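A.B. asks: I'd like to ask you about the structure that follows.
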Amino acid sequence: MTKIFTPAKIGKLKSKNRLVMAPMTRSRANPDGTPTQLAAEYYAQRAGLGLLIAEGTQPSAQGQGYIFTPGIYTDAHVEGWKQITSAVHDAGSHIFIQLMHVGRTSHPDNTPSHIQAVAPSAIAPKDQMFTLQGMKPIPEPRALTLEEIARTVDDFRNAARHAVDAGADGVEIHGANGYLIQQFFAPNANVRTDAYGGSIENRARFAIEVARAVAQEIGAERTGIRLSPGATLGGLEEGPEGPDLYRYLIGELNKLGLAYVHLLHLGNEALVADIRKGWSNALIVNRPGRAPQDVGVDITAGLADLESYGQFVLTTPDFAERLKSGAPMNPANKATFYGGGAEGYTDYPTLANAMAPAL
Ligand SMILES: Cc1cc2nc3c(=O)[nH]c(=O)nc-3n(C[C@H](O)[C@H](O)[C@H](O)COP(=O)(O)O)c2cc1C
């Protein structure tokens with residue numbers, strides 16, 4: 001465990017420890033996607049970790065799927081994010097913004113102009129989604145044209161520029177959890193017959209183009225990517241070629257020299273070991289549901305350079321300090337994960353607060 005409190009290299013940055021806040025959607029931005037001052041307080045509270053990866057953030061209006069998620073493509077968004085990045089820097093940590101284009105995982109009711117979602121192919125995820133009128137079936141998306149694919153790559157580029165203008169240390173491209181980039185990987189969501197469908201190389205093409213464009217725009221050292229090999233969220237099935245697609249993808253991304261790969265480790269040890277071998281820069285590993293006593297295990301084993309944590313960081317602003325002292329984490333209030341205000345967001349106590357005498 002002690003190794004987690006040593007510095008790590010992330011691009012040109014040096015993090016003070018090897019603990020990373022995993023990106024978590026909290027659905028508390030203004031309806032136009034501008035994040036609020038409350039978000040600045042929330043992230044700054046968690047600056048005991050070496051790197052904060054901010055919640056999924058749409059790179060364009062078309063990329064939005066859920067209500068009240070932040071954007072990073074207008075001047076107002078940039079102004080909102082400036083409050084967050086400066087609060088995190090003042091509190092002594094670093095922040096990357098996760099660029100999340102949801103693709104088909106979207107409901108028109110949740111987007112500013114009620115637009116139909118886009119995806120590699122016109123195949124609905126057979127899933128439901130929360131809207132202000134309750135749960136609704138996700139409608140069929142339309143397939144992106146080749147011209148629109150190029151424009152979407154540019155949207156990521158533009159969003160990355162806006163993120164850096166807002167003071168972010170970098171961006172994390174969301175290639176995981178069933179959203180647009182992973183939709184291209186999965187043969188049951190991508191039945192294209194052009195250069196973006198069919199072979200492994202073709203299905204990985206969009207991810208590589210996005211990574212290349214973002215790295216060209218803001219520098220590879222400020223570009224990370226999140227991947228979740230084998231994830232079936234949003235109804236995706238990567239099929240028997242899935243692991244080989246990731247092996248190929250890692251090789252191509254490695255040539256770009258990105259700052260990090262952030263892996264959702266869902267149990268395929270052989271594949272993750274191959275990814276470690278094929279990846280030269282920082283590897284951040286997230287094992288969903290990992291217990292506090294197992295924090296640091298992947299770092300000690302030489303698999304990960306850093307480890308990320310979601311729920312514990314959400315509930316426990318002083319996560320790093322509590323790990324040091326062996327104190328328990330705060331229990332989660334799942335009812336306040338998404339939406340609302342300060343409750344369940346900025347009011348989780350630190351140990352120091354909890355032990356302060358009541359006045
Ligand atoms: C409330 C909540 C929101 C999440 N939103 C995102 C997101 O926006 N982007 C993402 O890549 N993962 C998201 N995740 C997944 C987390 O980043 C993480 O992978 C997951 O919670 C497992 O790690 P943990 O067991 O440490 O929480 C979310 C998880 C939670 C609990």
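Each chain in the structure tokens gets a letter, A, B, ..., in the order shown, and its residues are numbered from 1; ligands are numbered from 1 in order too.
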Throw together the list of residues within 8 Å of ligand 1, counting only C-alpha atoms and all ligand atoms, and drop it here as a PyMOL selection string.
C.D. replies: chain A and resi 21-26+54-57+98+100+174+176-177+226+264+286-290+308-314+334+337-338
A.B. asks: Need the shell around Asn158 in chain A: protein/DNA/RNA residues with any atom at most 8 Å away, counting only C-alpha atoms. Skip same-chain ones fewer than 4 positions apart. Format as a ChimeraX atom specification?
C.D. replies: /A:59,73,154,162
A.B. asks: Residues of the last selection are to be written out with all heavy atoms, as a short mmCIF file (atom, residue, chain, number, x, y, z; two decimals), in the first residue's frame.
C.D. replies:
data_model
loop_
_atom_site.label_atom_id
_atom_site.label_comp_id
_atom_site.auth_asym_id
_atom_site.auth_seq_id
_atom_site.Cartn_x
_atom_site.Cartn_y
_atom_site.Cartn_z
N PRO A 59 -18.68 16.51 -25.94
CA PRO A 59 -17.84 17.34 -26.80
C PRO A 59 -18.66 18.14 -27.82
O PRO A 59 -18.11 18.99 -28.54
CB PRO A 59 -16.95 16.32 -27.52
CG PRO A 59 -17.75 15.06 -27.54
CD PRO A 59 -18.62 15.08 -26.33
N TYR A 73 -17.93 22.69 -25.11
CA TYR A 73 -17.83 23.14 -26.50
C TYR A 73 -18.32 24.58 -26.72
O TYR A 73 -18.35 25.05 -27.84
CB TYR A 73 -18.55 22.16 -27.44
CG TYR A 73 -20.03 21.96 -27.13
CD1 TYR A 73 -21.01 22.73 -27.73
CD2 TYR A 73 -20.44 20.98 -26.23
CE1 TYR A 73 -22.36 22.55 -27.44
CE2 TYR A 73 -21.77 20.78 -25.93
CZ TYR A 73 -22.73 21.56 -26.54
OH TYR A 73 -24.05 21.38 -26.24
N ASP A 154 -13.57 15.90 -35.35
CA ASP A 154 -13.26 17.33 -35.14
C ASP A 154 -13.93 17.88 -33.87
O ASP A 154 -13.38 18.78 -33.23
CB ASP A 154 -13.70 18.15 -36.35
CG ASP A 154 -12.52 18.40 -37.26
OD1 ASP A 154 -11.37 18.15 -36.83
OD2 ASP A 154 -12.74 18.83 -38.41
N HIS A 162 -11.00 23.40 -26.05
CA HIS A 162 -11.79 24.14 -25.05
C HIS A 162 -11.40 23.72 -23.63
O HIS A 162 -11.34 24.55 -22.72
CB HIS A 162 -13.29 23.91 -25.26
CG HIS A 162 -13.89 24.75 -26.34
ND1 HIS A 162 -13.60 24.58 -27.68
CD2 HIS A 162 -14.78 25.77 -26.29
CE1 HIS A 162 -14.27 25.46 -28.40
NE2 HIS A 162 -14.99 26.21 -27.57
#
A.B. asks: Neighbours of Glu79 in chain A within 9 Å (only C-alpha atoms; same-chain residues fewer than 3 positions away dropped), as a ChimeraX atom specification?
C.D. replies: /A:34-35,74-76,82-83,166
A.B. asks: Run DSSP on the backbone and give me the residues of range 23-256 of chain A it puts in strand (DSSP E), as number ranges by chain.
C.D. replies: A: 51-57, 94-99, 118-119, 128-131, 134-137, 142-143, 170-175, 223-227
A.B. asks: Report, in Å with one decimal, the straight-line distance from CA of Leu49 in chain A to CA of Val20 in chain A.
C.D. replies: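 Value for the CA of Leu49 in chain A-CA of Val20 in chain A distance: 5.8 Å.
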A.B. asks: Give me the residues near Leu249 in chain A as a PyMOL selection string, where near means some atom within 10 Å (using only C-alpha atoms) and where sequence neighbours in that chain fewer than 5 positions away do not count.
C.D. replies: chain A and resi 200-201+203-205+207-208+243-244+254+275+278
A.B. asks: Generate a file of the selected residues that holds all heavy atoms, formatted as a compact mmCIF listing (two decimals), in the first residue's frame.
C.D. replies:
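Output (selection11.txt):
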# COMPACT_ATOMS: atom_id res chain seq x y z
N ILE A 200 -11.00 -5.90 -37.61
CA ILE A 200 -10.53 -5.28 -36.35
C ILE A 200 -9.97 -3.88 -36.63
O ILE A 200 -10.29 -2.91 -35.93
CB ILE A 200 -9.44 -6.19 -35.72
CG1 ILE A 200 -10.11 -7.37 -35.02
CG2 ILE A 200 -8.54 -5.42 -34.78
CD1 ILE A 200 -9.12 -8.39 -34.45
N GLU A 201 -9.15 -3.78 -37.67
CA GLU A 201 -8.52 -2.48 -37.99
C GLU A 201 -9.59 -1.44 -38.27
O GLU A 201 -9.47 -0.28 -37.86
CB GLU A 201 -7.60 -2.62 -39.21
CG GLU A 201 -6.34 -3.45 -38.99
CD GLU A 201 -6.58 -4.96 -39.02
OE1 GLU A 201 -7.75 -5.40 -39.27
OE2 GLU A 201 -5.63 -5.71 -38.77
N ARG A 203 -12.79 -1.42 -37.24
CA ARG A 203 -13.62 -1.08 -36.07
C ARG A 203 -12.84 -0.25 -35.05
O ARG A 203 -13.43 0.49 -34.27
CB ARG A 203 -14.18 -2.37 -35.43
CG ARG A 203 -15.36 -2.93 -36.23
CD ARG A 203 -15.94 -4.16 -35.60
NE ARG A 203 -15.17 -5.35 -35.90
CZ ARG A 203 -14.75 -6.24 -34.99
NH1 ARG A 203 -15.04 -6.06 -33.72
NH2 ARG A 203 -14.06 -7.30 -35.36
N ALA A 204 -11.51 -0.37 -35.09
CA ALA A 204 -10.68 0.43 -34.17
C ALA A 204 -10.36 1.81 -34.75
O ALA A 204 -9.85 2.69 -34.05
CB ALA A 204 -9.39 -0.31 -33.86
N ARG A 205 -10.67 2.01 -36.04
CA ARG A 205 -10.22 3.22 -36.74
C ARG A 205 -10.71 4.52 -36.11
O ARG A 205 -9.96 5.48 -35.93
CB ARG A 205 -10.68 3.15 -38.22
CG ARG A 205 -10.08 4.23 -39.11
CD ARG A 205 -10.56 4.09 -40.56
NE ARG A 205 -10.39 2.75 -41.11
CZ ARG A 205 -9.23 2.25 -41.55
NH1 ARG A 205 -8.15 3.00 -41.54
NH2 ARG A 205 -9.16 1.02 -42.00
N ALA A 207 -11.62 5.21 -33.02
CA ALA A 207 -10.93 5.49 -31.74
C ALA A 207 -9.54 6.08 -32.02
O ALA A 207 -9.12 7.06 -31.37
CB ALA A 207 -10.79 4.21 -30.92
N ILE A 208 -8.85 5.49 -32.97
CA ILE A 208 -7.47 5.95 -33.26
C ILE A 208 -7.51 7.35 -33.87
O ILE A 208 -6.69 8.21 -33.52
CB ILE A 208 -6.77 4.94 -34.19
CG1 ILE A 208 -6.62 3.58 -33.47
CG2 ILE A 208 -5.41 5.46 -34.65
CD1 ILE A 208 -6.34 2.41 -34.39
N PRO A 243 -10.78 -9.33 -27.64
CA PRO A 243 -9.44 -9.15 -27.05
C PRO A 243 -8.39 -8.77 -28.10
O PRO A 243 -7.53 -7.92 -27.83
CB PRO A 243 -9.15 -10.52 -26.42
CG PRO A 243 -10.53 -11.07 -26.11
CD PRO A 243 -11.41 -10.61 -27.24
N ASP A 244 -8.46 -9.35 -29.29
CA ASP A 244 -7.45 -9.01 -30.31
C ASP A 244 -7.63 -7.59 -30.83
O ASP A 244 -6.66 -6.93 -31.21
CB ASP A 244 -7.51 -10.02 -31.47
CG ASP A 244 -6.81 -11.32 -31.11
OD1 ASP A 244 -6.00 -11.29 -30.16
OD2 ASP A 244 -7.09 -12.35 -31.74
N ASN A 254 -0.17 3.25 -28.66
CA ASN A 254 1.18 3.37 -28.10
C ASN A 254 2.08 4.19 -29.02
O ASN A 254 2.91 4.97 -28.57
CB ASN A 254 1.77 1.98 -27.86
CG ASN A 254 2.86 2.01 -26.82
OD1 ASN A 254 2.71 2.64 -25.78
ND2 ASN A 254 3.97 1.37 -27.12
N ILE A 275 -1.94 -5.95 -22.43
CA ILE A 275 -2.04 -4.48 -22.57
C ILE A 275 -0.88 -3.82 -21.81
O ILE A 275 -0.24 -2.90 -22.32
CB ILE A 275 -3.42 -3.99 -22.06
CG1 ILE A 275 -4.51 -4.43 -23.06
CG2 ILE A 275 -3.42 -2.48 -21.87
CD1 ILE A 275 -5.94 -4.12 -22.64
N GLY A 278 2.16 -4.10 -23.87
CA GLY A 278 2.14 -3.32 -25.12
C GLY A 278 2.04 -1.82 -24.90
O GLY A 278 2.01 -1.05 -25.86
